[in-house]
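So this one's model_13.txt, compact mmCIF, C-alpha atoms (C1' of nucleotides):
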```txt
# COMPACT_ATOMS: atom_id res chain seq x y z
CA MET G 1 29.70 142.93 109.63
CA GLU G 2 29.81 144.46 113.10
CA VAL G 3 26.06 144.95 113.23
CA GLN G 4 25.38 141.91 115.38
CA PRO G 5 25.82 143.66 118.76
CA LEU G 6 23.11 146.13 117.76
CA ILE G 7 20.74 143.40 116.63
CA ASP G 8 21.29 141.50 119.86
CA HIS G 9 20.69 144.66 121.83
CA LEU G 10 17.45 145.50 120.02
CA SER G 11 16.25 141.93 120.38
CA ARG G 12 16.31 142.29 124.11
CA TYR G 13 13.46 144.79 123.86
CA VAL G 14 11.58 144.16 120.61
CA THR G 15 11.22 141.43 118.00
CA LEU G 16 12.42 142.12 114.46
CA SER G 17 11.83 140.07 111.31
CA ASP G 18 14.63 139.36 108.83
CA VAL G 19 13.14 141.85 106.43
CA GLU G 20 13.12 144.51 109.13
CA ILE G 21 16.71 143.75 110.02
CA SER G 22 17.91 144.26 106.45
CA LEU G 23 15.87 147.44 106.24
CA LEU G 24 17.53 148.61 109.42
CA LYS G 25 20.98 147.77 108.10
CA SER G 26 20.35 149.89 105.04
CA ARG G 27 19.70 152.97 107.16
CA ILE G 28 22.59 152.95 109.58
CA THR G 29 26.14 154.24 109.29
CA PHE G 30 29.28 152.81 110.80
CA ARG G 31 31.78 155.31 112.00
CA LYS G 32 35.20 154.76 113.48
CA TYR G 33 36.69 157.40 115.73
CA PRO G 34 40.26 157.60 117.01
CA ARG G 35 41.02 158.32 120.65
CA ASN G 36 40.18 161.85 121.84
CA GLN G 37 37.98 162.66 118.86
CA PHE G 38 34.64 164.37 119.36
CA VAL G 39 31.35 162.80 118.30
CA VAL G 40 29.43 165.90 119.40
CA GLN G 41 30.71 169.31 120.39
CA GLN G 42 28.97 171.75 122.70
CA GLY G 43 27.18 174.34 120.57
CA ASP G 44 26.85 172.08 117.53
CA ILE G 45 23.58 170.38 116.71
CA CYS G 46 23.72 166.69 117.50
CA ARG G 47 22.90 164.92 114.25
CA HIS G 48 23.05 161.30 115.34
CA GLU G 49 21.99 158.85 117.95
CA SER G 50 24.95 156.48 118.37
CA PHE G 51 25.20 152.88 119.50
CA VAL G 52 28.59 151.85 120.86
CA VAL G 53 29.91 148.71 119.15
CA SER G 54 33.32 149.04 120.78
CA GLY G 55 35.25 151.70 122.67
CA CYS G 56 34.52 154.15 125.45
CA LEU G 57 33.23 157.72 125.51
CA ARG G 58 32.49 160.49 127.93
CA THR G 59 29.77 163.14 127.79
CA TYR G 60 30.69 166.38 129.52
CA HIS G 61 29.63 169.97 129.88
CA ILE G 62 31.88 172.99 130.12
CA ASP G 63 30.32 175.62 132.37
CA ARG G 64 30.62 179.41 132.32
CA GLN G 65 33.75 179.31 134.44
CA GLY G 66 35.33 176.87 132.04
CA ASN G 67 35.08 173.85 134.34
CA GLU G 68 34.32 170.44 132.91
CA HIS G 69 31.56 168.29 134.35
CA ILE G 70 31.24 164.73 133.16
CA ILE G 71 27.60 163.71 132.87
CA MET G 72 27.96 160.15 131.70
CA PHE G 73 30.26 157.53 130.26
CA ALA G 74 29.35 155.05 127.55
CA VAL G 75 30.89 151.71 126.67
CA GLU G 76 29.94 148.72 124.48
CA ASP G 77 26.17 148.26 124.10
CA TRP G 78 25.28 151.73 125.32
CA TRP G 79 23.68 154.59 123.46
CA THR G 80 25.20 158.01 123.43
CA SER G 81 24.48 161.46 122.02
CA ASP G 82 23.26 164.76 123.36
CA LEU G 83 19.69 163.54 123.55
CA GLY G 84 18.24 166.98 124.23
CA SER G 85 20.01 168.38 121.19
CA PHE G 86 19.23 165.42 118.95
CA ILE G 87 15.56 165.40 119.87
CA SER G 88 14.91 169.07 119.36
CA GLN G 89 17.75 169.84 116.94
CA THR G 90 19.01 172.67 119.12
CA PRO G 91 22.64 173.43 120.03
CA ALA G 92 24.22 170.76 122.21
CA ASN G 93 24.98 171.39 125.88
CA TYR G 94 27.47 168.59 125.87
CA ASN G 95 30.66 167.32 124.33
CA VAL G 96 30.80 163.63 123.53
CA GLN G 97 34.39 162.50 123.24
CA CYS G 98 36.03 159.15 122.62
CA LEU G 99 38.36 158.03 125.37
CA GLU G 100 39.49 155.04 123.31
CA PRO G 101 39.40 154.19 119.60
CA THR G 102 35.66 153.74 119.16
CA LEU G 103 33.30 152.16 116.67
CA LEU G 104 29.77 153.56 116.54
CA ILE G 105 26.61 152.70 114.66
CA GLN G 106 24.83 155.95 113.93
CA PHE G 107 21.23 156.86 113.21
CA SER G 108 20.54 160.25 111.70
CA GLN G 109 17.30 162.09 112.51
CA GLU G 110 15.97 161.57 108.97
CA ASN G 111 16.82 157.89 108.82
CA LEU G 112 15.32 157.37 112.22
CA GLU G 113 12.08 159.06 111.18
CA THR G 114 11.95 156.85 108.10
CA LEU G 115 12.65 153.78 110.17
CA TYR G 116 9.80 154.68 112.53
CA GLN G 117 7.49 154.44 109.48
CA GLU G 118 9.06 151.27 108.20
CA ILE G 119 9.50 149.45 111.52
CA PRO G 120 6.93 150.77 113.96
CA VAL G 121 8.25 148.83 116.95
CA LEU G 122 11.40 150.94 116.78
CA GLU G 123 9.32 153.84 117.95
CA ARG G 124 8.52 151.80 121.00
CA PHE G 125 12.18 150.88 121.40
CA PHE G 126 13.41 154.46 121.31
CA ARG G 127 10.66 155.57 123.66
CA ILE G 128 12.01 153.00 126.12
CA ILE G 129 15.53 154.37 125.64
CA LEU G 130 14.32 157.91 126.26
CA GLN G 131 12.43 156.80 129.35
CA ARG G 132 15.50 155.10 130.72
CA ALA G 133 17.58 158.18 130.07
CA TYR G 134 14.97 160.23 131.90
CA VAL G 135 14.81 157.90 134.86
CA ALA G 136 18.62 157.84 135.05
CA ALA G 137 18.80 161.64 134.99
CA ASP G 138 16.16 161.74 137.67
CA LYS G 139 17.99 159.29 139.85
CA ARG G 140 21.17 161.31 139.56
CA ILE G 141 19.43 164.45 140.77
CA ILE G 142 18.27 162.60 143.88
CA GLN G 143 21.65 161.04 144.49
CA ASN G 144 23.50 164.32 144.17
CA PHE G 145 21.13 165.83 146.69
CA SER G 146 21.08 163.09 149.21
CA LEU G 147 24.38 161.23 149.15
CA THR G 148 27.84 162.32 150.30
CA ALA G 149 30.74 162.17 147.86
CA LYS G 150 31.96 158.94 149.44
CA GLU G 151 28.56 157.32 149.08
CA ARG G 152 28.28 158.45 145.47
CA TYR G 153 31.68 156.98 144.74
CA LEU G 154 30.77 153.63 146.26
CA GLU G 155 27.50 153.67 144.32
CA PHE G 156 29.36 154.39 141.10
CA ARG G 157 31.96 151.71 141.69
CA ASN G 158 29.23 149.28 142.47
CA GLN G 159 27.10 150.12 139.47
CA TYR G 160 29.81 150.58 136.83
CA PRO G 161 32.77 148.41 137.83
CA GLN G 162 33.80 148.00 134.16
CA ILE G 163 33.99 151.75 133.68
CA GLU G 164 36.11 152.44 136.72
CA GLN G 165 38.88 150.31 135.26
CA ARG G 166 38.82 152.05 131.92
CA VAL G 167 38.84 155.76 132.65
CA PRO G 168 41.30 157.91 134.60
CA GLN G 169 40.42 158.84 138.15
CA TYR G 170 40.18 162.56 137.57
CA MET G 171 37.32 161.87 135.18
CA ILE G 172 35.52 159.79 137.76
CA ALA G 173 35.96 162.67 140.17
CA SER G 174 34.42 164.97 137.58
CA TYR G 175 31.53 162.54 137.13
CA LEU G 176 30.97 162.50 140.88
CA GLY G 177 31.07 166.28 141.05
CA ILE G 178 34.18 166.52 143.21
CA THR G 179 37.86 167.36 142.74
CA LYS G 180 40.42 164.69 141.89
CA GLU G 181 42.23 165.52 145.13
CA PHE G 182 39.17 164.82 147.20
CA LEU G 183 38.50 161.55 145.40
CA SER G 184 42.06 160.57 146.14
CA LYS G 185 41.41 161.29 149.82
CA ILE G 186 38.23 159.21 149.78
CA ARG G 187 40.05 156.30 148.18
CA HIS G 188 42.77 156.54 150.80
CA GLN G 189 40.14 156.51 153.53
CA LEU G 190 38.43 153.47 152.07
CA MET G 191 41.69 151.56 151.83
CA THR G 192 42.89 152.26 155.37
CA GLU G 193 39.72 151.41 157.25
CA MET J 1 -16.68 172.64 132.11
CA GLU J 2 -13.11 173.30 133.24
CA VAL J 3 -11.59 171.44 130.32
CA GLN J 4 -10.76 174.54 128.32
CA PRO J 5 -7.31 175.15 129.86
CA LEU J 6 -6.28 171.66 128.77
CA ILE J 7 -7.60 172.14 125.23
CA ASP J 8 -5.79 175.47 124.96
CA HIS J 9 -2.63 173.86 126.23
CA LEU J 10 -2.78 170.96 123.78
CA SER J 11 -3.55 173.32 120.93
CA ARG J 12 -0.23 175.00 121.45
CA TYR J 13 1.49 171.81 120.29
CA VAL J 14 -0.93 169.83 118.14
CA THR J 15 -4.16 170.38 116.23
CA LEU J 16 -7.29 168.54 117.35
CA SER J 17 -10.62 168.20 115.55
CA ASP J 18 -13.93 168.63 117.38
CA VAL J 19 -14.48 164.89 117.24
CA GLU J 20 -11.10 164.28 118.80
CA ILE J 21 -11.80 166.79 121.52
CA SER J 22 -15.03 165.07 122.55
CA LEU J 23 -13.24 161.74 122.47
CA LEU J 24 -10.58 163.20 124.71
CA LYS J 25 -13.17 164.58 127.11
CA SER J 26 -14.71 161.15 127.47
CA ARG J 27 -11.43 159.66 128.66
CA ILE J 28 -10.30 162.13 131.28
CA THR J 29 -11.17 162.46 134.94
CA PHE J 30 -11.47 165.60 137.01
CA ARG J 31 -10.24 165.39 140.52
CA LYS J 32 -10.32 167.99 143.25
CA TYR J 33 -7.78 167.78 146.06
CA PRO J 34 -7.77 169.76 149.29
CA ARG J 35 -4.61 171.43 150.57
CA ASN J 36 -1.88 169.03 151.75
CA GLN J 37 -3.38 165.99 150.12
CA PHE J 38 -1.16 163.58 148.17
CA VAL J 39 -1.68 162.85 144.50
CA VAL J 40 1.16 160.30 144.55
CA GLN J 41 2.99 158.78 147.49
CA GLN J 42 6.53 157.43 147.42
CA GLY J 43 6.34 153.63 147.08
CA ASP J 44 2.92 153.61 145.42
CA ILE J 45 2.59 153.14 141.69
CA CYS J 46 1.71 156.36 139.96
CA ARG J 47 -1.54 155.68 138.11
CA HIS J 48 -2.14 159.03 136.41
CA GLU J 49 -0.56 161.75 134.45
CA SER J 50 -2.12 164.98 135.75
CA PHE J 51 -2.72 168.37 134.18
CA VAL J 52 -3.06 171.25 136.64
CA VAL J 53 -6.23 173.26 136.01
CA SER J 54 -5.80 175.27 139.22
CA GLY J 55 -3.75 175.05 142.37
CA CYS J 56 -0.14 174.35 143.22
CA LEU J 57 1.79 171.17 143.99
CA ARG J 58 5.24 170.03 144.96
CA THR J 59 7.09 166.83 144.03
CA TYR J 60 9.58 165.68 146.60
CA HIS J 61 11.70 162.74 147.57
CA ILE J 62 12.43 161.52 151.08
CA ASP J 63 15.94 160.07 151.27
CA ARG J 64 17.34 157.31 153.49
CA GLN J 65 18.11 159.77 156.27
CA GLY J 66 14.55 161.02 156.17
CA ASN J 67 15.35 164.37 154.56
CA GLU J 68 12.97 165.87 152.05
CA HIS J 69 14.22 167.11 148.69
CA ILE J 70 11.85 169.03 146.47
CA ILE J 71 12.35 168.14 142.83
CA MET J 72 9.76 170.37 141.21
CA PHE J 73 6.73 172.53 141.70
CA ALA J 74 3.70 172.61 139.44
CA VAL J 75 1.08 175.30 138.94
CA GLU J 76 -1.70 176.02 136.43
CA ASP J 77 -0.99 174.61 132.96
CA TRP J 78 1.78 172.27 134.08
CA TRP J 79 1.86 168.52 134.07
CA THR J 80 2.74 166.56 137.14
CA SER J 81 3.18 162.93 138.20
CA ASP J 82 6.05 160.65 138.97
CA LEU J 83 6.87 160.18 135.33
CA GLY J 84 9.33 157.36 135.93
CA SER J 85 6.74 155.46 137.95
CA PHE J 86 3.88 156.20 135.58
CA ILE J 87 5.84 155.18 132.51
CA SER J 88 7.11 151.88 133.82
CA GLN J 89 4.43 151.24 136.45
CA THR J 90 7.04 150.77 139.16
CA PRO J 91 6.96 152.16 142.73
CA ALA J 92 7.23 155.94 142.84
CA ASN J 93 10.38 157.68 144.08
CA TYR J 94 8.41 160.81 144.75
CA ASN J 95 5.56 162.28 146.68
CA VAL J 96 3.32 164.69 144.83
CA GLN J 97 1.45 166.88 147.28
CA CYS J 98 -0.98 169.74 146.88
CA LEU J 99 0.16 172.98 148.49
CA GLU J 100 -3.19 174.62 147.75
CA PRO J 101 -6.66 173.30 146.96
CA THR J 102 -6.02 171.87 143.52
CA LEU J 103 -8.04 170.79 140.50
CA LEU J 104 -6.44 168.23 138.22
CA ILE J 105 -7.38 166.59 134.95
CA GLN J 106 -6.10 163.04 135.06
CA PHE J 107 -5.16 160.49 132.41
CA SER J 108 -4.85 156.87 133.47
CA GLN J 109 -2.35 154.58 131.72
CA GLU J 110 -5.16 152.60 130.07
CA ASN J 111 -7.08 155.62 128.87
CA LEU J 112 -3.89 157.16 127.58
CA GLU J 113 -3.06 154.01 125.62
CA THR J 114 -6.56 154.02 124.16
CA LEU J 115 -6.26 157.68 123.29
CA TYR J 116 -2.97 157.03 121.49
CA GLN J 117 -4.90 154.69 119.20
CA GLU J 118 -7.82 157.05 118.78
CA ILE J 119 -5.86 160.30 118.45
CA PRO J 120 -2.39 159.50 117.12
CA VAL J 121 -1.09 163.06 117.46
CA LEU J 122 -1.39 162.69 121.22
CA GLU J 123 1.48 160.25 121.05
CA ARG J 124 3.52 163.04 119.55
CA PHE J 125 2.31 165.45 122.21
CA PHE J 126 3.28 163.23 125.11
CA ARG J 127 6.62 162.48 123.52
CA ILE J 128 7.23 166.22 123.51
CA ILE J 129 6.25 166.41 127.19
CA LEU J 130 8.61 163.56 128.03
CA GLN J 131 11.41 165.22 126.09
CA ARG J 132 10.89 168.49 127.91
CA ALA J 133 10.92 166.69 131.24
CA TYR J 134 14.16 165.02 130.22
CA VAL J 135 15.78 168.25 129.10
CA ALA J 136 14.68 169.96 132.32
CA ALA J 137 16.13 167.15 134.44
CA ASP J 138 19.31 167.37 132.45
CA LYS J 139 19.57 171.11 132.89
CA ARG J 140 19.15 170.74 136.62
CA ILE J 141 22.02 168.30 136.83
CA ILE J 142 24.27 170.82 135.11
CA GLN J 143 23.08 173.69 137.25
CA ASN J 144 23.56 171.82 140.48
CA PHE J 145 27.09 171.01 139.43
CA SER J 146 28.14 174.37 138.14
CA LEU J 147 26.25 177.09 140.01
CA THR J 148 26.58 178.28 143.59
CA ALA J 149 23.51 178.32 145.81
CA LYS J 150 23.14 182.06 145.30
CA GLU J 151 23.26 181.68 141.53
CA ARG J 152 20.74 178.86 141.61
CA TYR J 153 18.40 181.00 143.72
CA LEU J 154 18.64 183.92 141.30
CA GLU J 155 18.05 181.54 138.41
CA PHE J 156 14.98 180.10 140.12
CA ARG J 157 13.57 183.50 140.98
CA ASN J 158 14.12 184.60 137.46
CA GLN J 159 12.58 181.54 135.85
CA TYR J 160 9.63 180.95 138.19
CA PRO J 161 8.64 184.32 139.68
CA GLN J 162 5.02 183.14 140.08
CA ILE J 163 6.07 180.18 142.15
CA GLU J 164 8.29 182.10 144.53
CA GLN J 165 5.27 184.09 145.67
CA ARG J 166 3.13 181.03 146.29
CA VAL J 167 5.28 178.65 148.29
CA PRO J 168 7.05 179.04 151.64
CA GLN J 169 10.75 179.82 151.61
CA TYR J 170 11.83 176.64 153.29
CA MET J 171 10.40 174.73 150.33
CA ILE J 172 12.34 176.89 147.91
CA ALA J 173 15.46 176.13 149.95
CA SER J 174 14.68 172.44 149.63
CA TYR J 175 14.23 172.84 145.88
CA LEU J 176 17.61 174.58 145.66
CA GLY J 177 19.24 171.86 147.71
CA ILE J 178 20.19 174.09 150.64
CA THR J 179 18.93 174.71 154.17
CA LYS J 180 16.31 177.34 154.93
CA GLU J 181 18.84 179.12 157.13
CA PHE J 182 21.30 179.45 154.30
CA LEU J 183 18.63 180.71 151.92
CA SER J 184 17.74 183.31 154.51
CA LYS J 185 21.39 184.37 154.58
CA ILE J 186 21.53 184.61 150.79
CA ARG J 187 18.39 186.75 150.73
CA HIS J 188 19.87 189.01 153.35
CA GLN J 189 23.04 189.37 151.30
CA LEU J 190 21.08 190.18 148.16
CA MET J 191 19.07 192.86 149.95
CA THR J 192 21.98 194.62 151.59
CA GLU J 193 24.31 194.92 148.63
C1' DG C 1 -8.13 190.04 169.06
C1' DA C 2 -5.54 186.31 171.76
C1' DG C 3 -2.92 182.41 171.57
C1' DG C 4 -0.77 178.91 169.17
C1' DA C 5 1.16 176.90 165.02
C1' DA C 6 3.89 177.56 161.07
C1' DT C 7 7.41 180.20 158.96
C1' DA C 8 11.59 183.21 158.89
C1' DT C 9 15.82 185.37 160.70
C1' DT C 10 20.23 185.67 163.09
C1' DA C 11 24.45 184.17 164.88
C1' DA C 12 27.98 180.85 166.56
C1' DT C 13 30.19 176.72 165.67
C1' DC C 14 31.31 172.99 162.68
C1' DT C 15 32.45 170.07 158.40
C1' DA C 16 32.54 168.34 153.70
C1' DG C 17 34.75 169.53 150.04
C1' DT C 18 37.99 173.18 147.45
C1' DT C 19 42.29 175.37 146.40
C1' DT C 20 46.98 175.61 145.97
C1' DA C 21 51.17 173.71 145.59
C1' DA C 22 54.53 170.35 145.85
C1' DT C 23 55.90 165.50 145.11
C1' DG C 24 55.30 160.88 143.16
C1' DT C 25 54.04 157.55 139.79
C1' DT C 26 52.74 155.69 135.47
C1' DT C 27 52.57 155.68 130.51
C1' DC C 28 53.75 157.20 126.10
C1' DT C 29 57.14 158.40 122.60
C1' DT C 30 61.37 158.22 120.28
C1' DA F 1 66.17 153.37 128.18
C1' DA F 2 65.42 158.44 128.83
C1' DG F 3 62.68 162.22 128.97
C1' DA F 4 58.35 164.15 128.78
C1' DA F 5 53.65 164.12 129.30
C1' DA F 6 49.69 162.56 131.75
C1' DC F 7 47.88 161.01 135.93
C1' DA F 8 47.71 160.42 141.14
C1' DT F 9 48.76 161.44 145.98
C1' DT F 10 49.55 164.27 150.08
C1' DA F 11 49.03 168.02 153.06
C1' DA F 12 47.99 172.83 154.64
C1' DA F 13 44.98 176.61 154.45
C1' DC F 14 40.49 177.99 153.17
C1' DT F 15 35.24 178.46 152.13
C1' DA F 16 30.49 177.33 151.00
C1' DG F 17 27.08 175.63 153.21
C1' DA F 18 25.24 172.64 157.45
C1' DT F 19 23.89 172.37 162.18
C1' DT F 20 22.20 173.97 166.37
C1' DA F 21 19.74 176.89 168.98
C1' DA F 22 17.52 180.94 170.17
C1' DT F 23 14.46 184.74 168.75
C1' DA F 24 11.16 187.09 165.52
C1' DT F 25 7.43 187.29 162.60
C1' DT F 26 3.40 185.98 160.15
C1' DC F 27 -0.79 183.52 159.77
C1' DC F 28 -4.55 180.89 161.22
C1' DT F 29 -8.26 179.68 164.15
C1' DC F 30 -11.45 180.02 167.88
```
Please render this file's structure as structure tokens.
Amino acid sequence: MEVQPLIDHLSRYVTLSDVEISLLKSRITFRKYPRNQFVVQQGDICRHESFVVSGCLRTYHIDRQGNEHIIMFAVEDWWTSDLGSFISQTPANYNVQCLEPTLLIQFSQENLETLYQEIPVLERFFRIILQRAYVAADKRIIQNFSLTAKERYLEFRNQYPQIEQRVPQYMIASYLGITKEFLSKIRHQLMTE
Amino acid sequence: MEVQPLIDHLSRYVTLSDVEISLLKSRITFRKYPRNQFVVQQGDICRHESFVVSGCLRTYHIDRQGNEHIIMFAVEDWWTSDLGSFISQTPANYNVQCLEPTLLIQFSQENLETLYQEIPVLERFFRIILQRAYVAADKRIIQNFSLTAKERYLEFRNQYPQIEQRVPQYMIASYLGITKEFLSKIRHQLMTE
DNA sequence: GAGGAATATTAATCTAGTTTAATGTTTCTT
DNA sequence: AAGAAACATTAAACTAGATTAATATTCCTC
């Protein structure tokens, strides 16, 4: 059924035989979430790695003072989960919440381990995914250190134009690490110059 | 010779036979660096993953405005490199510099690939290392968002007491993402309260 | 042990971004 | 179509941390 986007996605990185594809299909789960529902909640153990077939999600952390900080968004063709929690099966630092009705393809730890045996190139594929996540996290550390809020906003808009249209501004502010009021000010500045 | 610290370190995560250990020994390189020398330079491709036998290093990024930002320190028993660059053999975002005379055990890409074939559990080991690096990067993003400079300093002091003694304060300030003057102020505050 | 380099402190002024609070606008629901 | 909820803007007062610049202190090195 809706598995094609995943197959296409995998095919961009590794080559799979027909047998491997049916094997894969037998070990995945489709799950439909309504708007606002949580795929992972902070404190729970993240049981799945999820591929987004359709919809939009945010990953955020609630700090000691109760403030939300959005770490990433995910839309069609992206992976989402609390990777740290999934990997080491420890309590999640993040909430993963659907911002739209969302369809996910999910891989449980156990099924993924089995698949690694059955389809060795998947190991390679998920190592690539982990590496990309690491590099992205790394890049964000640098950007938060070295760019102003305005520069980060422009960078975001430039890199994720699709996302800016789909999520409310106060969430983008949270992603950028600033208040919604200040983002509003920045946008005003950008428009009147 | 000085390989024991590495063996001990590996043994904490995986079990190696004597045969595997000699195999390992044959595929590593020792390298001694004097103070201030660079193990990796921003823009170069990072050719090795390095285990610190003795000494102390910093990893830092120079941004567009020419400001330095320290991303991490490494001392005995730690791994260091520009992981993003090493993994994907792309130009490094970071400089890795010795702050003391330093002895490293280095793994080249090719030797590491060979070792993965020869000693499969090493694949597991380095996946764990990558995961830890990812989780650490992740944690830092959260901390930089949600803690004040003072809180981050206390956190650092608490988590890396050994390092605070070994590196100059202005580098700690850079690691915390603040100026040396402001760190000085924080320290003053902490002492007089 | 003197002199210079590197490191650290202090204090005044400045600014990017926050807070608070009020007002406006859009979107959802019935 | 009205009312309520969610989202966005504006502006004034405030603060964490930067910048600048001068002075101390520590640490090499000859």
With 8 Å as the cut-off and only C-alpha atoms (C1' of nucleotides) counted, what is the closest atom pair between each nearby residue of chain F and chain G? Distances in Å to one decimal, ordered by chain and number, as a Markdown table.
```
| residue | atom | partner | partner_atom | distance |
| --- | --- | --- | --- | --- |
| F:DC7 | C1' | G:Pro168 | CA | 7.4 |
| F:DA8 | C1' | G:Ser184 | CA | 7.5 |
| F:DT9 | C1' | G:Ser184 | CA | 6.8 |
```
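Rounded to one decimal, atom C1' of F:DC27 and atom CA of J:Ser54 lie 22.7 Å from each other.
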Using all atoms listed in the file, what does the table of chain J residues within 10 Å of chain G look like, with each row giving the shortest atom pair and its distance in Å to one decimal, sorted by chain and ascending number, as a Markdown table?
```
| residue | atom | partner | partner_atom | distance |
| --- | --- | --- | --- | --- |
| J:Tyr60 | CA | G:Ile142 | CA | 9.6 |
| J:His61 | CA | G:Ile142 | CA | 7.5 |
| J:Ile62 | CA | G:Ser146 | CA | 9.0 |
| J:Asp63 | CA | G:Ser146 | CA | 6.3 |
| J:Arg64 | CA | G:Ser146 | CA | 8.1 |
| J:Gln65 | CA | G:Ser146 | CA | 8.3 |
| J:Gly66 | CA | G:Ser146 | CA | 9.8 |
| J:Asn67 | CA | G:Ser146 | CA | 7.9 |
| J:Glu68 | CA | G:Ser146 | CA | 9.0 |
| J:His69 | CA | G:Phe145 | CA | 7.3 |
| J:Ile70 | CA | G:Ile142 | CA | 9.4 |
| J:Ile71 | CA | G:Ile142 | CA | 8.2 |
| J:Leu83 | CA | G:Val135 | CA | 8.3 |
| J:Gly84 | CA | G:Val135 | CA | 5.6 |
| J:Ser85 | CA | G:Val135 | CA | 9.0 |
| J:Ile87 | CA | G:Gln131 | CA | 7.5 |
| J:Ser88 | CA | G:Gln131 | CA | 8.5 |
| J:Asn93 | CA | G:Lys139 | CA | 8.9 |
| J:Arg127 | CA | G:Arg127 | CA | 8.0 |
| J:Ile128 | CA | G:Ile87 | CA | 9.1 |
| J:Leu130 | CA | G:Gln131 | CA | 7.9 |
| J:Gln131 | CA | G:Gly84 | CA | 7.3 |
| J:Arg132 | CA | G:Gly84 | CA | 8.4 |
| J:Ala133 | CA | G:Tyr134 | CA | 7.7 |
| J:Tyr134 | CA | G:Tyr134 | CA | 5.1 |
| J:Val135 | CA | G:Gly84 | CA | 5.6 |
| J:Ala136 | CA | G:Gly84 | CA | 9.3 |
| J:Ala137 | CA | G:Ala137 | CA | 6.1 |
| J:Asp138 | CA | G:Ala137 | CA | 6.3 |
| J:Lys139 | CA | G:Asn93 | CA | 8.9 |
| J:Arg140 | CA | G:Ile141 | CA | 7.5 |
| J:Ile141 | CA | G:Ile141 | CA | 6.1 |
| J:Ile142 | CA | G:His61 | CA | 7.5 |
| J:Gln143 | CA | G:Asp63 | CA | 8.9 |
| J:Asn144 | CA | G:Asn144 | CA | 8.4 |
| J:Phe145 | CA | G:Gly177 | CA | 6.4 |
| J:Ser146 | CA | G:Asp63 | CA | 6.3 |
| J:Leu147 | CA | G:Asp63 | CA | 8.8 |
| J:Ser174 | CA | G:Phe145 | CA | 9.7 |
| J:Tyr175 | CA | G:Phe145 | CA | 9.9 |
| J:Leu176 | CA | G:Phe145 | CA | 9.5 |
| J:Gly177 | CA | G:Phe145 | CA | 6.4 |
| J:Ile178 | CA | G:Phe145 | CA | 9.2 |
```
Atoms kept (C-alpha atoms) for selection, written as a PDB file, in the coordinates of the input:
```
ATOM      1  CA  TYR J  60       9.580 165.680 146.600  1.00  0.00           C
ATOM      2  CA  HIS J  61      11.700 162.740 147.570  1.00  0.00           C
ATOM      3  CA  ILE J  62      12.430 161.520 151.080  1.00  0.00           C
ATOM      4  CA  ASP J  63      15.940 160.070 151.270  1.00  0.00           C
ATOM      5  CA  ARG J  64      17.340 157.310 153.490  1.00  0.00           C
ATOM      6  CA  GLN J  65      18.110 159.770 156.270  1.00  0.00           C
ATOM      7  CA  GLY J  66      14.550 161.020 156.170  1.00  0.00           C
ATOM      8  CA  ASN J  67      15.350 164.370 154.560  1.00  0.00           C
ATOM      9  CA  GLU J  68      12.970 165.870 152.050  1.00  0.00           C
ATOM     10  CA  HIS J  69      14.220 167.110 148.690  1.00  0.00           C
ATOM     11  CA  ILE J  70      11.850 169.030 146.470  1.00  0.00           C
ATOM     12  CA  ILE J  71      12.350 168.140 142.830  1.00  0.00           C
ATOM     13  CA  LEU J  83       6.870 160.180 135.330  1.00  0.00           C
ATOM     14  CA  GLY J  84       9.330 157.360 135.930  1.00  0.00           C
ATOM     15  CA  SER J  85       6.740 155.460 137.950  1.00  0.00           C
ATOM     16  CA  ILE J  87       5.840 155.180 132.510  1.00  0.00           C
ATOM     17  CA  SER J  88       7.110 151.880 133.820  1.00  0.00           C
ATOM     18  CA  ASN J  93      10.380 157.680 144.080  1.00  0.00           C
ATOM     19  CA  ARG J 127       6.620 162.480 123.520  1.00  0.00           C
ATOM     20  CA  ILE J 128       7.230 166.220 123.510  1.00  0.00           C
ATOM     21  CA  LEU J 130       8.610 163.560 128.030  1.00  0.00           C
ATOM     22  CA  GLN J 131      11.410 165.220 126.090  1.00  0.00           C
ATOM     23  CA  ARG J 132      10.890 168.490 127.910  1.00  0.00           C
ATOM     24  CA  ALA J 133      10.920 166.690 131.240  1.00  0.00           C
ATOM     25  CA  TYR J 134      14.160 165.020 130.220  1.00  0.00           C
ATOM     26  CA  VAL J 135      15.780 168.250 129.100  1.00  0.00           C
ATOM     27  CA  ALA J 136      14.680 169.960 132.320  1.00  0.00           C
ATOM     28  CA  ALA J 137      16.130 167.150 134.440  1.00  0.00           C
ATOM     29  CA  ASP J 138      19.310 167.370 132.450  1.00  0.00           C
ATOM     30  CA  LYS J 139      19.570 171.110 132.890  1.00  0.00           C
ATOM     31  CA  ARG J 140      19.150 170.740 136.620  1.00  0.00           C
ATOM     32  CA  ILE J 141      22.020 168.300 136.830  1.00  0.00           C
ATOM     33  CA  ILE J 142      24.270 170.820 135.110  1.00  0.00           C
ATOM     34  CA  GLN J 143      23.080 173.690 137.250  1.00  0.00           C
ATOM     35  CA  ASN J 144      23.560 171.820 140.480  1.00  0.00           C
ATOM     36  CA  PHE J 145      27.090 171.010 139.430  1.00  0.00           C
ATOM     37  CA  SER J 146      28.140 174.370 138.140  1.00  0.00           C
ATOM     38  CA  LEU J 147      26.250 177.090 140.010  1.00  0.00           C
ATOM     39  CA  SER J 174      14.680 172.440 149.630  1.00  0.00           C
ATOM     40  CA  TYR J 175      14.230 172.840 145.880  1.00  0.00           C
ATOM     41  CA  LEU J 176      17.610 174.580 145.660  1.00  0.00           C
ATOM     42  CA  GLY J 177      19.240 171.860 147.710  1.00  0.00           C
ATOM     43  CA  ILE J 178      20.190 174.090 150.640  1.00  0.00           C
TER      44      ILE J 178
END
```
